[in-house]
$ cat coords33.cif   # mmCIF, C-alpha atoms
data_my_file
loop_
_atom_site.group_PDB
_atom_site.id
_atom_site.type_symbol
_atom_site.label_atom_id
_atom_site.label_comp_id
_atom_site.auth_asym_id
_atom_site.auth_seq_id
_atom_site.Cartn_x
_atom_site.Cartn_y
_atom_site.Cartn_z
ATOM 1 C CA MET A 241 0.000 0.000 0.000
ATOM 2 C CA ALA A 242 1.242 3.507 -0.830
ATOM 3 C CA SER A 243 0.426 4.714 2.659
ATOM 4 C CA ASN A 244 3.169 2.433 3.903
ATOM 5 C CA ASN A 245 5.797 3.873 1.583
ATOM 6 C CA ILE A 246 7.417 5.541 4.533
ATOM 7 C CA HIS A 247 8.475 2.002 5.330
ATOM 8 C CA ASN A 248 10.306 1.703 1.984
ATOM 9 C CA VAL A 249 13.490 1.638 4.017
ATOM 10 C CA PRO A 250 14.424 -1.676 5.718
ATOM 11 C CA GLN A 251 13.832 -1.605 9.464
ATOM 12 C CA LYS A 252 17.541 -1.590 10.365
ATOM 13 C CA SER A 253 18.235 1.297 7.975
ATOM 14 C CA LEU A 254 15.197 3.158 9.290
ATOM 15 C CA CYS A 255 16.449 2.940 12.878
ATOM 16 C CA LYS A 256 19.869 4.199 11.832
ATOM 17 C CA ALA A 257 18.422 7.140 9.894
ATOM 18 C CA GLN A 258 16.226 8.112 12.822
ATOM 19 C CA ILE A 259 19.265 8.354 15.092
ATOM 20 C CA GLN A 260 21.055 10.746 12.710
ATOM 21 C CA LYS A 261 18.760 13.748 12.590
ATOM 22 C CA MET A 262 19.702 16.749 10.505
ATOM 23 C CA THR A 263 19.938 20.000 12.439
ATOM 24 C CA PRO A 264 17.855 23.008 11.298
ATOM 25 C CA GLU A 265 21.073 24.783 10.357
ATOM 26 C CA GLU A 266 22.230 21.855 8.201
ATOM 27 C CA PHE A 267 18.873 21.719 6.440
ATOM 28 C CA MET A 268 18.815 25.444 5.724
ATOM 29 C CA ASN A 269 22.367 25.255 4.378
ATOM 30 C CA GLN A 270 21.420 22.433 2.025
ATOM 31 C CA LYS A 271 18.254 24.266 0.998
ATOM 32 C CA SER A 272 20.264 27.372 0.081
ATOM 33 C CA GLN A 273 22.694 25.303 -1.972
ATOM 34 C CA ILE A 274 19.839 23.615 -3.854
ATOM 35 C CA LEU A 275 18.002 26.856 -4.629
ATOM 36 C CA ASP A 276 21.224 28.619 -5.683
ATOM 37 C CA GLY A 277 22.421 25.688 -7.783
ATOM 38 C CA VAL A 278 22.166 25.075 -11.526
ATOM 39 C CA ASP A 279 19.128 23.233 -12.900
ATOM 40 C CA LEU A 280 20.645 20.097 -14.445
ATOM 41 C CA SER A 281 17.416 18.740 -15.950
ATOM 42 C CA ARG A 282 17.093 18.213 -19.711
ATOM 43 C CA LYS A 283 14.769 21.223 -19.951
ATOM 44 C CA GLY A 284 16.832 23.380 -17.605
ATOM 45 C CA CYS A 285 13.885 25.020 -15.834
ATOM 46 C CA ILE A 286 10.700 24.257 -13.906
ATOM 47 C CA ASP A 287 7.674 23.272 -16.021
ATOM 48 C CA ASP A 288 5.156 26.121 -16.361
ATOM 49 C CA PRO A 289 2.147 24.139 -15.024
ATOM 50 C CA ILE A 290 3.790 23.643 -11.615
ATOM 51 C CA LYS A 291 5.826 26.829 -11.184
ATOM 52 C CA GLY A 292 3.340 28.137 -8.607
ATOM 53 C CA LEU A 293 3.348 24.867 -6.670
ATOM 54 C CA VAL A 294 7.149 24.619 -6.616
ATOM 55 C CA GLN A 295 7.509 28.258 -5.554
ATOM 56 C CA PHE A 296 4.962 27.775 -2.770
ATOM 57 C CA ILE A 297 6.815 24.711 -1.434
ATOM 58 C CA ASN A 298 10.205 26.422 -1.587
ATOM 59 C CA GLU A 299 8.891 29.421 0.325
ATOM 60 C CA GLU A 300 8.043 27.128 3.250
ATOM 61 C CA SER A 301 10.894 26.865 5.736
ATOM 62 C CA ASP A 302 10.590 23.073 6.166
ATOM 63 C CA PHE A 303 10.775 22.086 2.487
ATOM 64 C CA VAL A 304 12.799 22.431 -0.698
ATOM 65 C CA THR A 305 12.161 20.767 -4.063
ATOM 66 C CA THR A 306 15.115 18.853 -5.484
ATOM 67 C CA SER A 307 13.565 17.787 -8.821
ATOM 68 C CA SER A 308 10.211 18.008 -10.563
ATOM 69 C CA CYS A 309 8.200 17.259 -13.690
ATOM 70 C CA SER A 310 4.613 18.393 -14.176
ATOM 71 C CA GLY A 311 3.809 15.317 -16.282
ATOM 72 C CA ARG A 312 4.597 14.726 -19.947
ATOM 73 C CA VAL A 313 3.930 12.737 -23.091
ATOM 74 C CA VAL A 314 7.165 11.434 -24.598
ATOM 75 C CA LEU A 315 7.762 9.606 -27.846
ATOM 76 C CA PHE A 316 11.273 8.215 -27.755
ATOM 77 C CA CYS A 317 13.294 5.564 -29.521
ATOM 78 C CA GLU A 318 15.533 2.934 -28.018
ATOM 79 C CA ASP A 319 18.825 2.375 -29.784
ATOM 80 C CA VAL A 320 19.211 -1.399 -29.487
ATOM 81 C CA THR A 321 22.272 -3.389 -30.491
ATOM 82 C CA ASN A 322 22.453 -7.105 -31.242
ATOM 83 C CA GLY A 323 21.387 -9.063 -28.195
ATOM 84 C CA ASN A 324 18.851 -6.355 -27.251
ATOM 85 C CA HIS A 325 21.353 -4.344 -25.188
ATOM 86 C CA LYS A 326 20.136 -0.759 -24.995
ATOM 87 C CA LYS A 327 22.720 1.818 -26.028
ATOM 88 C CA GLY A 328 20.562 4.812 -25.170
ATOM 89 C CA CYS A 329 17.505 6.658 -26.384
ATOM 90 C CA LYS A 330 16.515 9.693 -28.417
ATOM 91 C CA TRP A 331 13.457 11.845 -27.845
ATOM 92 C CA LEU A 332 11.309 12.296 -30.961
ATOM 93 C CA PHE A 333 8.453 14.264 -29.384
ATOM 94 C CA THR A 334 7.556 15.616 -25.956
ATOM 95 C CA SER A 335 4.737 17.725 -24.535
ATOM 96 C CA HIS A 336 3.557 18.775 -21.084
ATOM 97 C CA GLU A 337 0.160 19.804 -22.470
ATOM 98 C CA ASN A 338 -2.623 18.089 -24.433
ATOM 99 C CA ILE A 339 -1.511 16.694 -27.769
ATOM 100 C CA LYS A 340 -3.173 16.560 -31.214
ATOM 101 C CA ASP A 341 -3.898 13.478 -33.318
ATOM 102 C CA ASP A 342 -1.119 14.152 -35.831
ATOM 103 C CA ASP A 343 1.562 15.043 -33.271
ATOM 104 C CA LEU A 344 2.539 11.437 -32.653
ATOM 105 C CA TRP A 345 1.931 10.132 -36.156
ATOM 106 C CA ASN A 346 4.175 12.792 -37.687
ATOM 107 C CA SER A 347 6.904 12.133 -35.105
ATOM 108 C CA ILE A 348 7.243 8.362 -35.508
ATOM 109 C CA ASP A 349 10.588 7.423 -37.028
ATOM 110 C CA PRO A 350 11.250 3.667 -37.076
ATOM 111 C CA LYS A 351 14.684 4.222 -38.669
ATOM 112 C CA GLU A 352 15.895 5.772 -35.403
ATOM 113 C CA GLY A 353 15.169 2.612 -33.374
ATOM 114 C CA ASN A 354 12.249 1.079 -31.507
ATOM 115 C CA ASN A 355 9.714 3.879 -30.922
ATOM 116 C CA ILE A 356 7.874 3.910 -27.597
ATOM 117 C CA LEU A 357 5.055 6.202 -26.457
ATOM 118 C CA LYS A 358 5.051 7.015 -22.772
ATOM 119 C CA TYR A 359 3.013 9.229 -20.470
ATOM 120 C CA GLU A 360 4.609 10.076 -17.131
ATOM 121 C CA PRO A 361 2.508 11.864 -14.460
ATOM 122 C CA LEU A 362 3.701 14.467 -11.954
ATOM 123 C CA ILE A 363 6.846 13.561 -10.069
ATOM 124 C CA LEU A 364 8.032 15.845 -7.325
ATOM 125 C CA HIS A 365 10.966 15.221 -5.006
ATOM 126 C CA VAL A 366 10.995 17.332 -1.858
ATOM 127 C CA GLN A 367 13.662 17.404 0.819
ATOM 128 C CA CYS A 368 12.039 17.907 4.220
ATOM 129 C CA SER A 369 13.589 19.315 7.371
ATOM 130 C CA THR A 370 12.203 16.529 9.588
ATOM 131 C CA LEU A 371 10.388 13.227 9.324
ATOM 132 C CA GLU A 372 7.350 14.893 10.883
ATOM 133 C CA SER A 373 7.169 17.552 8.154
ATOM 134 C CA ALA A 374 7.602 14.832 5.503
ATOM 135 C CA LYS A 375 4.694 12.863 7.005
ATOM 136 C CA LEU A 376 2.527 15.976 6.806
ATOM 137 C CA MET A 377 3.154 16.459 3.082
ATOM 138 C CA HIS A 378 2.975 12.703 2.478
ATOM 139 C CA THR A 379 -0.521 12.576 3.940
ATOM 140 C CA CYS A 380 -1.532 15.514 1.768
ATOM 141 C CA ALA A 381 -0.173 13.763 -1.337
ATOM 142 C CA LEU A 382 -2.079 10.555 -0.582
ATOM 143 C CA GLU A 383 -5.328 12.417 0.020
ATOM 144 C CA SER A 384 -4.867 14.247 -3.305
ATOM 145 C CA GLY A 385 -4.614 11.016 -5.310
ATOM 146 C CA PHE A 386 -0.830 10.509 -5.419
ATOM 147 C CA ARG A 387 -1.021 6.999 -4.008
ATOM 148 C CA ASN A 388 2.497 5.983 -5.005
ATOM 149 C CA SER A 389 4.090 8.690 -2.878
ATOM 150 C CA GLY A 390 6.703 7.669 -0.348
ATOM 151 C CA ILE A 391 9.409 8.824 2.041
ATOM 152 C CA THR A 392 13.060 7.845 1.877
ATOM 153 C CA LEU A 393 15.431 8.321 4.777
ATOM 154 C CA GLY A 394 19.028 8.823 3.705
ATOM 155 C CA LYS A 395 22.403 9.195 5.329
ATOM 156 C CA ARG A 396 22.976 11.971 7.844
ATOM 157 C CA GLY A 397 19.260 12.404 8.413
ATOM 158 C CA LYS A 398 18.271 13.530 4.896
ATOM 159 C CA VAL A 399 14.517 13.063 4.392
ATOM 160 C CA ILE A 400 13.157 12.969 0.836
ATOM 161 C CA LEU A 401 9.486 12.782 -0.112
ATOM 162 C CA ALA A 402 8.557 11.598 -3.619
ATOM 163 C CA VAL A 403 5.096 12.717 -4.750
ATOM 164 C CA ARG A 404 3.902 10.430 -7.546
ATOM 165 C CA SER A 405 0.935 8.490 -8.874
ATOM 166 C CA CYS A 406 0.269 5.549 -11.177
ATOM 167 C CA VAL A 407 -1.504 7.558 -13.913
ATOM 168 C CA GLY A 408 0.925 6.301 -16.551
ATOM 169 C CA LEU A 409 0.980 4.864 -20.048
ATOM 170 C CA GLU A 410 3.657 3.032 -22.073
ATOM 171 C CA VAL A 411 3.102 1.496 -25.505
ATOM 172 C CA PRO A 412 5.604 0.241 -28.135
ATOM 173 C CA LEU A 413 4.855 1.745 -31.564
ATOM 174 C CA THR A 414 7.612 0.305 -33.773
ATOM 175 C CA GLU A 415 9.863 -2.741 -33.655
ATOM 176 C CA ASP A 416 12.845 -3.504 -35.897
ATOM 177 C CA GLY A 417 11.879 -0.772 -38.365
ATOM 178 C CA ILE A 418 8.214 -1.812 -38.605
ATOM 179 C CA VAL A 419 5.334 0.417 -37.471
ATOM 180 C CA LEU A 420 3.126 -1.754 -35.235
ATOM 181 C CA VAL A 421 0.079 0.504 -34.983
ATOM 182 C CA SER A 422 -2.416 2.094 -37.359
ATOM 183 C CA LYS A 423 -3.146 5.798 -37.499
ATOM 184 C CA GLU A 424 -6.591 5.073 -36.015
ATOM 185 C CA TYR A 425 -5.053 3.285 -33.041
ATOM 186 C CA LEU A 426 -2.584 6.134 -32.518
ATOM 187 C CA GLU A 427 -5.554 8.524 -32.408
ATOM 188 C CA PHE A 428 -7.005 6.291 -29.684
ATOM 189 C CA LEU A 429 -3.706 6.467 -27.767
ATOM 190 C CA THR A 430 -3.695 10.251 -28.172
ATOM 191 C CA LYS A 431 -7.146 10.391 -26.586
ATOM 192 C CA LYS A 432 -6.026 8.173 -23.700
ATOM 193 C CA ALA A 433 -2.876 10.237 -23.141
ATOM 194 C CA ASN A 434 -4.904 13.458 -23.029
ATOM 195 C CA GLU A 435 -7.285 11.891 -20.512
ATOM 196 C CA LYS A 436 -4.338 11.049 -18.290
ATOM 197 C CA ILE A 437 -2.953 14.578 -18.692
ATOM 198 C CA GLU A 438 -6.267 16.008 -17.478
ATOM 199 C CA GLU A 439 -6.470 13.566 -14.559
ATOM 200 C CA ASN A 440 -2.909 14.449 -13.576
ATOM 201 C CA LYS A 441 -3.763 18.164 -13.697
ATOM 202 C CA LEU A 442 -6.758 17.645 -11.402
ATOM 203 C CA ARG A 443 -4.684 15.727 -8.871
ATOM 204 C CA THR A 444 -1.921 18.325 -9.000
ATOM 205 C CA GLU A 445 -4.389 21.168 -8.420
ATOM 206 C CA ARG A 446 -5.961 19.205 -5.556
ATOM 207 C CA PHE A 447 -2.516 18.655 -4.020
ATOM 208 C CA PHE A 448 -1.674 22.365 -4.259
ATOM 209 C CA CYS A 449 -4.992 23.305 -2.680
ATOM 210 C CA ASN A 450 -4.761 20.733 0.132
ATOM 211 C CA LEU A 451 -1.156 21.638 0.807
ATOM 212 C CA SER A 452 -2.052 25.323 1.092
ATOM 213 C CA ILE A 453 -4.739 24.477 3.643
ATOM 214 C CA ILE A 454 -2.613 22.083 5.703
ATOM 215 C CA LEU A 455 0.494 24.281 5.837
ATOM 216 C CA GLY A 456 -1.573 27.384 6.406
ATOM 217 C CA SER A 457 -3.199 25.872 9.479
ATOM 218 C CA ARG A 458 0.041 24.980 11.287
#

$ encode --input "coords33.cif" --output "structure tokens"
Amino acid sequence: MASNNIHNVPQKSLCKAQIQKMTPEEFMNQKSQILDGVDLSRKGCIDDPIKGLVQFINEESDFVTTSSCSGRVVLFCEDVTNGNHKKGCKWLFTSHENIKDDDLWNSIDPKEGNNILKYEPLILHVQCSTLESAKLMHTCALESGFRNSGITLGKRGKVILAVRSCVGLEVPLTEDGIVLVSKEYLEFLTKKANEKIEENKLRTERFFCNLSIILGSR
């Protein structure tokens, strides 16, 4: 169950992490370093749909976001060698917003490798000052529909909350240079991807709203 994700860590590791608590000064120092650091993501900046949410979290003294993605549709190709060993991948199309029927069809390129369509929902990693503050946001995430959320306890008392859900999609579109799907089926996949985008938006908005209420009442 997602609500038990705080217990992701083996019991022995959990006991160790609880002994080593990060001081408020250590947390604030790490938070400053994160906020002043360079964004190393592929895009290089925060996605527009969650800029307000990320800013709100970072303005709270107990939290700092370490990575984020608002949710995206990606069409990518796997570069596969003999023996099916993956050498890497290339993005053919990506969007954080609703997509059109021809977007995917016009982006398929079987010559580049095995094309795969994937929808990834919101993923938000937040470093928390204490386990108690992480539990607070974890509860909020669960109640907002992010049932795959969980807490990880690291070395030296670092507490990381991952906000995530299972609103995903992954479908192979080409194999060995052959297109496996019809244009009609790709239109069906486009519809399904857009439905997941809208569901992800609703959950994200609910999370932002619930988080504002919970943190505002402390």

$ resolve_selection --input "coords33.cif" --expression "the PyMOL selection byres ((chain A and resi 287-293) around 7)" --output "number ranges by chain"
A: 285-286, 294-297, 309-310, 448

$ write_last_selection --input "coords33.cif" --atoms "C-alpha atoms" --output "mmCIF file, keeping the file's coordinate frame"
data_model
loop_
_atom_site.group_PDB
_atom_site.id
_atom_site.type_symbol
_atom_site.label_atom_id
_atom_site.label_comp_id
_atom_site.auth_asym_id
_atom_site.auth_seq_id
_atom_site.Cartn_x
_atom_site.Cartn_y
_atom_site.Cartn_z
ATOM 1 C CA CYS A 285 13.885 25.020 -15.834
ATOM 2 C CA ILE A 286 10.700 24.257 -13.906
ATOM 3 C CA VAL A 294 7.149 24.619 -6.616
ATOM 4 C CA GLN A 295 7.509 28.258 -5.554
ATOM 5 C CA PHE A 296 4.962 27.775 -2.770
ATOM 6 C CA ILE A 297 6.815 24.711 -1.434
ATOM 7 C CA CYS A 309 8.200 17.259 -13.690
ATOM 8 C CA SER A 310 4.613 18.393 -14.176
ATOM 9 C CA PHE A 448 -1.674 22.365 -4.259
#

$ atom_distance --input "coords33.cif" --atom1 "CA of Phe303 (chain A)" --atom2 "CA of Phe386 (chain A)"
18.2 Å

$ residues_around --input "coords33.cif" --residues "region 398-410 of chain A" --least-positions-apart "6" --cutoff "9 Å" --atoms "all atoms listed in the file" --output "PyMOL selection string"
chain A and resi 246+257+260-262+267+306+313+356-371+374-375+377-378+381-382+385-392+432-433+436-437+439-440

$ residues_near_point --input "coords33.cif" --point "(15.1, 13.2, -26.3)" --cutoff "10 Å" --atoms "only C-alpha atoms" --output "mmCIF file with C-alpha atoms, in the frame of the given file"
data_model
loop_
_atom_site.group_PDB
_atom_site.id
_atom_site.type_symbol
_atom_site.label_atom_id
_atom_site.label_comp_id
_atom_site.auth_asym_id
_atom_site.auth_seq_id
_atom_site.Cartn_x
_atom_site.Cartn_y
_atom_site.Cartn_z
ATOM 1 C CA ARG A 282 17.093 18.213 -19.711
ATOM 2 C CA VAL A 314 7.165 11.434 -24.598
ATOM 3 C CA LEU A 315 7.762 9.606 -27.846
ATOM 4 C CA PHE A 316 11.273 8.215 -27.755
ATOM 5 C CA CYS A 317 13.294 5.564 -29.521
ATOM 6 C CA CYS A 329 17.505 6.658 -26.384
ATOM 7 C CA LYS A 330 16.515 9.693 -28.417
ATOM 8 C CA TRP A 331 13.457 11.845 -27.845
ATOM 9 C CA LEU A 332 11.309 12.296 -30.961
ATOM 10 C CA PHE A 333 8.453 14.264 -29.384
ATOM 11 C CA THR A 334 7.556 15.616 -25.956
#

$ closest_residue --input "coords33.cif" --among "A:Ser422, A:Ser347, A:Thr263, A:Asn338" --to "Gly311 (chain A)" --atoms "all atoms listed in the file"
A:Asn338

$ resolve_selection --input "coords33.cif" --expression "the PyMOL selection byres ((chain A and resi 354) around 8)" --output "PyMOL selection string"
chain A and resi 317-320+350+352-353+355-356+412-417

$ closest_residue --input "coords33.cif" --among "A:Ile348, A:Leu275, A:Ile339, A:Cys380" --to "Glu445 (chain A)" --atoms "only C-alpha atoms"
A:Cys380

$ closest_residue --input "coords33.cif" --among "A:Glu427, A:Asp302, A:Ser308, A:Gly277" --to "Glu265 (chain A)" --atoms "all atoms listed in the file"
A:Asp302

$ atom_distance --input "coords33.cif" --atom1 "CA of Ser307 (chain A)" --atom2 "CA of His336 (chain A)"
15.9 Å

$ closest_residue --input "coords33.cif" --among "A:Ile418, A:Thr444, A:Leu376, A:Met268" --to "Lys351 (chain A)" --atoms "all atoms listed in the file"
A:Ile418

$ closest_residue --input "coords33.cif" --among "A:Ser373, A:Glu383, A:Asn346, A:Lys395" --to "Lys423 (chain A)" --atoms "all atoms listed in the file"
A:Asn346

$ atom_distance --input "coords33.cif" --atom1 "CA of Thr430 (chain A)" --atom2 "CA of Asp341 (chain A)"
6.1 Å
